[in-house]
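Structure file target.cif (mmCIF, C-alpha atoms and all ligand atoms) is printed below.
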data_my_file
#
loop_
_atom_site.label_atom_id
_atom_site.label_comp_id
_atom_site.auth_asym_id
_atom_site.auth_seq_id
_atom_site.Cartn_x
_atom_site.Cartn_y
_atom_site.Cartn_z
CA MET F 273 8.04 3.66 -12.77
CA LYS F 274 5.58 5.12 -10.27
CA THR F 275 1.82 5.39 -10.71
CA LEU F 276 -0.23 8.55 -10.35
CA LEU F 277 -3.98 8.35 -9.98
CA LEU F 278 -5.39 11.47 -11.66
CA THR F 279 -9.11 12.05 -11.14
CA GLY F 280 -11.53 14.49 -12.75
CA PHE F 281 -15.28 15.03 -12.74
CA GLU F 282 -18.20 14.88 -15.11
CA PRO F 283 -20.19 18.05 -15.86
CA PHE F 284 -22.50 19.27 -13.06
CA LEU F 285 -25.05 21.97 -12.18
CA ASP F 286 -24.89 24.85 -14.71
CA PHE F 287 -21.65 23.65 -16.26
CA PRO F 288 -22.31 21.51 -19.37
CA ILE F 289 -18.57 20.97 -19.80
CA ASN F 290 -16.10 20.04 -17.10
CA PRO F 291 -12.54 20.85 -18.26
CA THR F 292 -11.14 18.29 -15.82
CA GLU F 293 -12.77 15.53 -17.87
CA LYS F 294 -10.77 16.42 -20.96
CA ILE F 295 -7.52 16.64 -19.00
CA VAL F 296 -7.97 13.27 -17.34
CA LYS F 297 -8.87 11.58 -20.63
CA GLU F 298 -5.94 13.20 -22.40
CA LEU F 299 -3.35 12.27 -19.78
CA ASP F 300 -4.59 8.74 -19.08
CA GLY F 301 -1.82 6.31 -20.03
CA GLN F 302 0.81 9.01 -20.51
CA THR F 303 4.10 9.16 -18.65
CA ILE F 304 5.09 12.47 -17.08
CA GLY F 305 8.32 12.69 -15.12
CA ASP F 306 8.55 9.57 -12.97
CA TYR F 307 4.83 8.87 -13.16
CA GLN F 308 2.65 6.75 -15.34
CA ILE F 309 -0.80 8.35 -15.26
CA LYS F 310 -3.96 6.43 -14.53
CA GLY F 311 -6.92 8.68 -15.32
CA LEU F 312 -10.28 8.26 -13.61
CA LEU F 313 -13.45 10.20 -14.34
CA LEU F 314 -15.78 10.52 -11.36
CA PRO F 315 -19.54 11.11 -11.25
CA VAL F 316 -20.77 14.16 -9.35
CA THR F 317 -22.85 12.07 -6.96
CA TYR F 318 -22.44 11.67 -3.22
CA ASP F 319 -23.24 7.96 -3.26
CA GLU F 320 -20.72 7.04 -5.99
CA ALA F 321 -17.80 9.48 -6.19
CA GLY F 322 -16.15 8.52 -2.90
CA GLN F 323 -16.60 4.79 -3.49
CA ARG F 324 -15.23 4.94 -7.03
CA VAL F 325 -12.10 6.75 -5.97
CA LEU F 326 -11.60 4.36 -3.05
CA ASP F 327 -11.94 1.36 -5.37
CA ALA F 328 -9.30 2.86 -7.65
CA VAL F 329 -6.94 3.59 -4.76
CA ASN F 330 -7.28 0.02 -3.53
CA GLN F 331 -6.90 -1.49 -6.98
CA ILE F 332 -4.06 0.65 -8.29
CA ASN F 333 -2.22 1.28 -5.02
CA PRO F 334 -0.95 4.58 -6.48
CA ASP F 335 2.27 6.32 -5.48
CA ALA F 336 0.48 9.69 -5.71
CA VAL F 337 -3.07 10.98 -6.14
CA ILE F 338 -4.07 14.28 -7.69
CA SER F 339 -7.78 14.99 -7.93
CA LEU F 340 -8.98 17.80 -10.16
CA GLY F 341 -12.22 19.74 -10.06
CA LEU F 342 -13.71 22.75 -11.79
CA ALA F 343 -14.13 25.92 -9.73
CA GLY F 344 -16.21 27.99 -12.17
CA GLY F 345 -15.54 31.64 -11.34
CA ARG F 346 -12.01 31.26 -9.97
CA GLU F 347 -9.26 32.92 -11.98
CA ASN F 348 -6.30 30.87 -10.87
CA ILE F 349 -5.16 27.29 -10.50
CA THR F 350 -5.84 26.68 -6.82
CA PRO F 351 -4.28 23.73 -5.00
CA GLU F 352 -6.45 23.12 -1.97
CA ARG F 353 -4.94 23.23 1.50
CA ILE F 354 -7.60 21.36 3.46
CA ALA F 355 -10.60 19.02 3.16
CA ILE F 356 -13.31 19.11 5.82
CA ASN F 357 -15.65 16.42 7.12
CA CYS F 358 -18.79 18.04 5.81
CA ARG F 359 -21.19 17.70 2.90
CA ASP F 360 -23.50 20.59 2.29
CA GLY F 361 -24.84 22.57 -0.60
CA ALA F 362 -26.21 22.29 -4.09
CA PRO F 363 -27.89 19.15 -5.44
CA ASP F 364 -25.59 16.51 -6.91
CA ASN F 365 -26.20 14.99 -10.35
CA LYS F 366 -28.86 12.68 -8.89
CA GLY F 367 -30.65 15.58 -7.21
CA VAL F 368 -29.43 14.64 -3.74
CA ILE F 369 -29.10 17.60 -1.37
CA LEU F 370 -27.16 17.20 1.87
CA ASN F 371 -26.93 19.65 4.74
CA ASP F 372 -24.30 19.58 7.46
CA ALA F 373 -23.70 15.87 6.77
CA PRO F 374 -20.33 14.38 7.77
CA ILE F 375 -18.48 12.28 5.21
CA TYR F 376 -17.36 9.86 7.94
CA GLU F 377 -19.33 9.97 11.23
CA ASP F 378 -16.22 9.31 13.28
CA GLY F 379 -13.72 11.08 11.02
CA PRO F 380 -11.59 14.02 12.11
CA ALA F 381 -12.73 17.58 11.29
CA GLY F 382 -10.26 17.90 8.46
CA TYR F 383 -7.19 16.69 6.62
CA PHE F 384 -4.43 18.83 5.20
CA SER F 385 -3.36 18.16 1.62
CA LYS F 386 -0.36 15.90 1.27
CA LEU F 387 0.63 17.45 -2.06
CA PRO F 388 3.45 20.00 -2.28
CA ILE F 389 0.93 22.82 -2.74
CA ARG F 390 3.38 25.68 -2.07
CA LYS F 391 5.80 24.24 -4.64
CA PHE F 392 2.93 23.77 -7.11
CA VAL F 393 2.00 27.44 -6.83
CA GLU F 394 5.57 28.70 -7.05
CA THR F 395 6.42 26.53 -10.05
CA LEU F 396 3.22 27.42 -11.88
CA LYS F 397 3.96 31.11 -11.38
CA GLU F 398 7.53 30.65 -12.61
CA HIS F 399 6.02 29.25 -15.81
CA GLY F 400 3.69 32.26 -16.08
CA TYR F 401 0.53 30.58 -14.86
CA PRO F 402 -1.50 32.40 -12.17
CA ALA F 403 -1.87 30.18 -9.11
CA GLU F 404 -2.59 30.48 -5.41
CA ILE F 405 -3.28 28.19 -2.48
CA SER F 406 -6.98 27.93 -1.67
CA ASN F 407 -8.05 27.50 1.94
CA THR F 408 -11.39 25.98 1.13
CA ALA F 409 -12.38 23.20 -1.24
CA GLY F 410 -16.02 23.93 -0.39
CA THR F 411 -18.44 21.31 0.94
CA TYR F 412 -19.57 19.75 -2.34
CA LEU F 413 -18.21 16.77 -4.27
CA CYS F 414 -14.65 18.04 -4.66
CA ASN F 415 -14.19 18.37 -0.93
CA ASN F 416 -15.92 14.99 -0.56
CA VAL F 417 -13.38 13.27 -2.83
CA MET F 418 -10.41 15.07 -1.31
CA TYR F 419 -11.44 14.11 2.22
CA THR F 420 -12.21 10.50 1.25
CA VAL F 421 -8.79 9.98 -0.36
CA LEU F 422 -6.89 11.62 2.48
CA HIS F 423 -8.85 9.58 5.04
CA ALA F 424 -8.02 6.35 3.18
CA LEU F 425 -4.32 7.25 2.92
CA LYS F 426 -3.93 8.82 6.34
CA ASP F 427 -1.34 6.30 7.51
CA LYS F 428 0.50 6.10 4.21
CA ASN F 429 3.27 8.27 2.92
CA VAL F 430 1.53 8.95 -0.39
CA PRO F 431 1.26 12.50 -1.75
CA ALA F 432 -2.46 13.12 -2.28
CA GLY F 433 -4.79 16.06 -2.53
CA PHE F 434 -6.93 18.26 -4.68
CA VAL F 435 -6.53 21.06 -7.19
CA HIS F 436 -9.37 23.27 -8.43
CA ILE F 437 -8.99 24.72 -11.91
CA PRO F 438 -10.77 27.62 -13.64
CA ALA F 439 -13.22 27.26 -16.53
CA SER F 440 -11.95 26.61 -20.04
CA HIS F 441 -12.88 29.08 -22.79
CA GLU F 442 -15.25 26.55 -24.37
CA LEU F 443 -17.15 26.36 -21.08
CA ALA F 444 -17.09 30.09 -20.29
CA VAL F 445 -18.33 31.15 -23.71
CA ASN F 446 -21.63 29.36 -23.12
CA GLN F 447 -22.26 30.64 -19.59
CA LYS F 448 -25.01 33.17 -18.91
CA LYS F 449 -22.80 34.88 -16.36
CA ARG F 450 -19.31 35.99 -17.33
CA ILE F 451 -16.62 33.88 -15.67
CA PRO F 452 -12.84 33.92 -16.03
CA SER F 453 -11.44 31.25 -18.33
CA TRP F 454 -8.23 29.69 -19.60
CA SER F 455 -7.43 27.91 -22.83
CA SER F 456 -7.65 24.11 -22.59
CA ARG F 457 -4.01 23.99 -23.65
CA ASP F 458 -2.91 26.12 -20.70
CA LEU F 459 -5.04 24.15 -18.25
CA LEU F 460 -3.47 20.92 -19.49
CA GLU F 461 0.02 22.40 -19.35
CA ALA F 462 -0.54 23.61 -15.77
CA VAL F 463 -1.58 20.12 -14.68
CA LYS F 464 1.51 18.64 -16.34
CA ILE F 465 3.71 21.16 -14.52
CA MET F 466 2.24 20.09 -11.17
CA ILE F 467 2.81 16.42 -11.94
CA ASN F 468 6.42 17.16 -12.86
CA VAL F 469 6.92 18.80 -9.48
CA LEU F 470 6.05 15.62 -7.57
CA ASP F 471 8.98 13.70 -6.09
N1 LIG E 1 -16.32 20.76 -9.13
C1 LIG E 1 -17.27 20.59 -8.06
C2 LIG E 1 -17.71 19.16 -8.13
C3 LIG E 1 -17.24 18.66 -9.45
C4 LIG E 1 -16.30 19.67 -9.93
O1 LIG E 1 -15.58 19.56 -10.95
C5 LIG E 1 -16.76 21.04 -6.70
O2 LIG E 1 -15.97 22.00 -6.67
O3 LIG E 1 -17.14 20.49 -5.68
#

Since I need it in another form, could you write the structure as structure tokens?
Amino acid sequence: MKTLLLTGFEPFLDFPINPTEKIVKELDGQTIGDYQIKGLLLPVTYDEAGQRVLDAVNQINPDAVISLGLAGGRENITPERIAINCRDGAPDNKGVILNDAPIYEDGPAGYFSKLPIRKFVETLKEHGYPAEISNTAGTYLCNNVMYTVLHALKDKNVPAGFVHIPASHELAVNQKKRIPSWSSRDLLEAVKIMINVLD
């Protein structure tokens, strides 16, 4: 049996619910396809998120890593193509604001996802779930975690990367601005489909 590290995030900024939290808690301990899932919830803080995921990678030595994040406003499931060596943008959950800050001073500009993102998108669409590859994971905590994991696993043949998901209905219904949303059931199902696609 192989091990999959599945990470999600706590709520952040104007989003009092993070649908990735529910998914990670629900799937923790479950077996999907060849993978036993180890769920990990990450804080939305620059000083902790990267370290927590690194600790888990070192401890668990996973055969695959999928990190999930909320992209409030996106309509589709969006596997990310690339992580960049940059932290910039809104305050994190401790109020820390970074501008143009590298994640690793001596790290390369970017890392491509090592997940089968094209196959994820095609399989999701076959199941009736809207999906598309995203060419930017942003410069906030999601990109930070994606880059950190790919940097740590750069010499290993371990599928790893990041997938942004849309808001759930329970989140969208409480937003001031209208944003697209999916049912929690469909979000969960879409994540299971991606896990099933892994070799
Ligand atoms: N989404 C944010 C950080 C946490 C999350 O779920 C992002 O896209 O960076």

*Check the smallest atom-to-atom distance from each of F:Cys414, F:Lys366, F:Lys310, F:Val325 to ligand LIG 1 (chain E) using only C-alpha atoms and all ligand atoms, then report the winner.*
F:Cys414

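Every residue having at least one atom no farther than 8 Å from ligand LIG 1 (chain E) is included below, with all atoms listed in the file taken into account: Gly280, Phe281, Glu282, Pro283, Phe284, Asn290, Thr292, Val316, Leu340, Gly341, Leu342, Ala343, Gly344, Ala409, Gly410, Thr411, Tyr412, Leu413, Cys414, Asn415, Asn416 and His436 of chain F.
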
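Using only C-alpha atoms, the residues found no farther than 12 Å from F:Asn429, other than those of its own chain fewer than 6 positions away, are Asn333, Pro334, Asp335, Ala336, Val337, Ser385, Lys386, Leu387, Leu422 and Asp471 of chain F.
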
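Across the model, the gap from atom CA of F:Asn446 to atom CA of F:Ile465 is 28.0 Å.
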
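Here atom CA of F:Met418 and atom CA of F:Tyr383 stand 8.7 Å from one another.
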
*Find, counting all atoms listed in the file, the residue in F:Glu352, F:Glu394, F:Glu347, F:Asp458 that gets nearest to F:Pro438.*
F:Glu347

*Please provide the set of residues having any atom within 8 Å of F:Val296, restricted to only C-alpha atoms, with same-chain residues fewer than 2 positions apart removed, written as number ranges by chain.*
F: 278-280, 292-294, 298-300, 311-313

For a quick check of your reading of the model, name the residues lying within 10 Å of the coordinate (-13.5, 11.5, 4.9), counting only C-alpha atoms, and write them as a tab-separated table (two decimals) with C-alpha atoms, in the frame of the given file.
chain	number	residue	atom	x	y	z
F	322	GLY	CA	-16.15	8.52	-2.90
F	355	ALA	CA	-10.60	19.02	3.16
F	356	ILE	CA	-13.31	19.11	5.82
F	357	ASN	CA	-15.65	16.42	7.12
F	358	CYS	CA	-18.79	18.04	5.81
F	374	PRO	CA	-20.33	14.38	7.77
F	375	ILE	CA	-18.48	12.28	5.21
F	376	TYR	CA	-17.36	9.86	7.94
F	377	GLU	CA	-19.33	9.97	11.23
F	378	ASP	CA	-16.22	9.31	13.28
F	379	GLY	CA	-13.72	11.08	11.02
F	380	PRO	CA	-11.59	14.02	12.11
F	381	ALA	CA	-12.73	17.58	11.29
F	382	GLY	CA	-10.26	17.90	8.46
F	383	TYR	CA	-7.19	16.69	6.62
F	415	ASN	CA	-14.19	18.37	-0.93
F	416	ASN	CA	-15.92	14.99	-0.56
F	417	VAL	CA	-13.38	13.27	-2.83
F	418	MET	CA	-10.41	15.07	-1.31
F	419	TYR	CA	-11.44	14.11	2.22
F	420	THR	CA	-12.21	10.50	1.25
F	421	VAL	CA	-8.79	9.98	-0.36
F	422	LEU	CA	-6.89	11.62	2.48
F	423	HIS	CA	-8.85	9.58	5.04
F	424	ALA	CA	-8.02	6.35	3.18

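Nearest to F:Val393 of all the residues F:Ser453, F:Asn348, F:Asn371, F:Asn365 is F:Asn348, based on all atoms listed in the file.
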
*Can you pull out every residue within 9 Å of F:Val368, counting only C-alpha atoms, but drop anything in the same chain fewer than 5 positions away, and send it as a PyMOL selection string?*
chain F and resi 317-318+362-363

Could you dump the residues just selected with C-alpha atoms as a PDB file, keeping the file's coordinate frame?
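Result written to again_11.pdb:
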ATOM      1  CA  THR F 317     -22.850  12.070  -6.960  1.00  0.00           C
ATOM      2  CA  TYR F 318     -22.440  11.670  -3.220  1.00  0.00           C
ATOM      3  CA  ALA F 362     -26.210  22.290  -4.090  1.00  0.00           C
ATOM      4  CA  PRO F 363     -27.890  19.150  -5.440  1.00  0.00           C
TER       5      PRO F 363
END

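The two atoms in question, atom CA of F:Gly433 and atom CA of F:Lys274, are spaced 16.9 Å apart.
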
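Restricting the calculation to all atoms listed in the file, the smallest distance between F:Asp364 and any of F:Thr275, F:Leu285, F:Asp327, F:Asp427 is found for F:Leu285.
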
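Using all atoms listed in the file, the set of residues no farther than 9 Å from the position (-15.1, 28.7, -20.6) comprises Ile289, Pro291, Gly344, Pro438, Ala439, Ser440, His441, Glu442, Leu443, Ala444, Val445, Asn446, Gln447, Ile451, Pro452, Ser453, Trp454, Ser455 and Ser456 of chain F.
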
*Using all atoms listed in the file, which of F:Thr395, F:Gln323, F:Thr408, F:Gln302 sits nearest F:Ile354?*
F:Thr408

*Residues within 10 Å of F:Ala462, all atoms listed in the file, excluding chain neighbours under 2 positions, as a ChimeraX atom specification*: /F:349,392,395-397,399-403,437,456-460,464-468
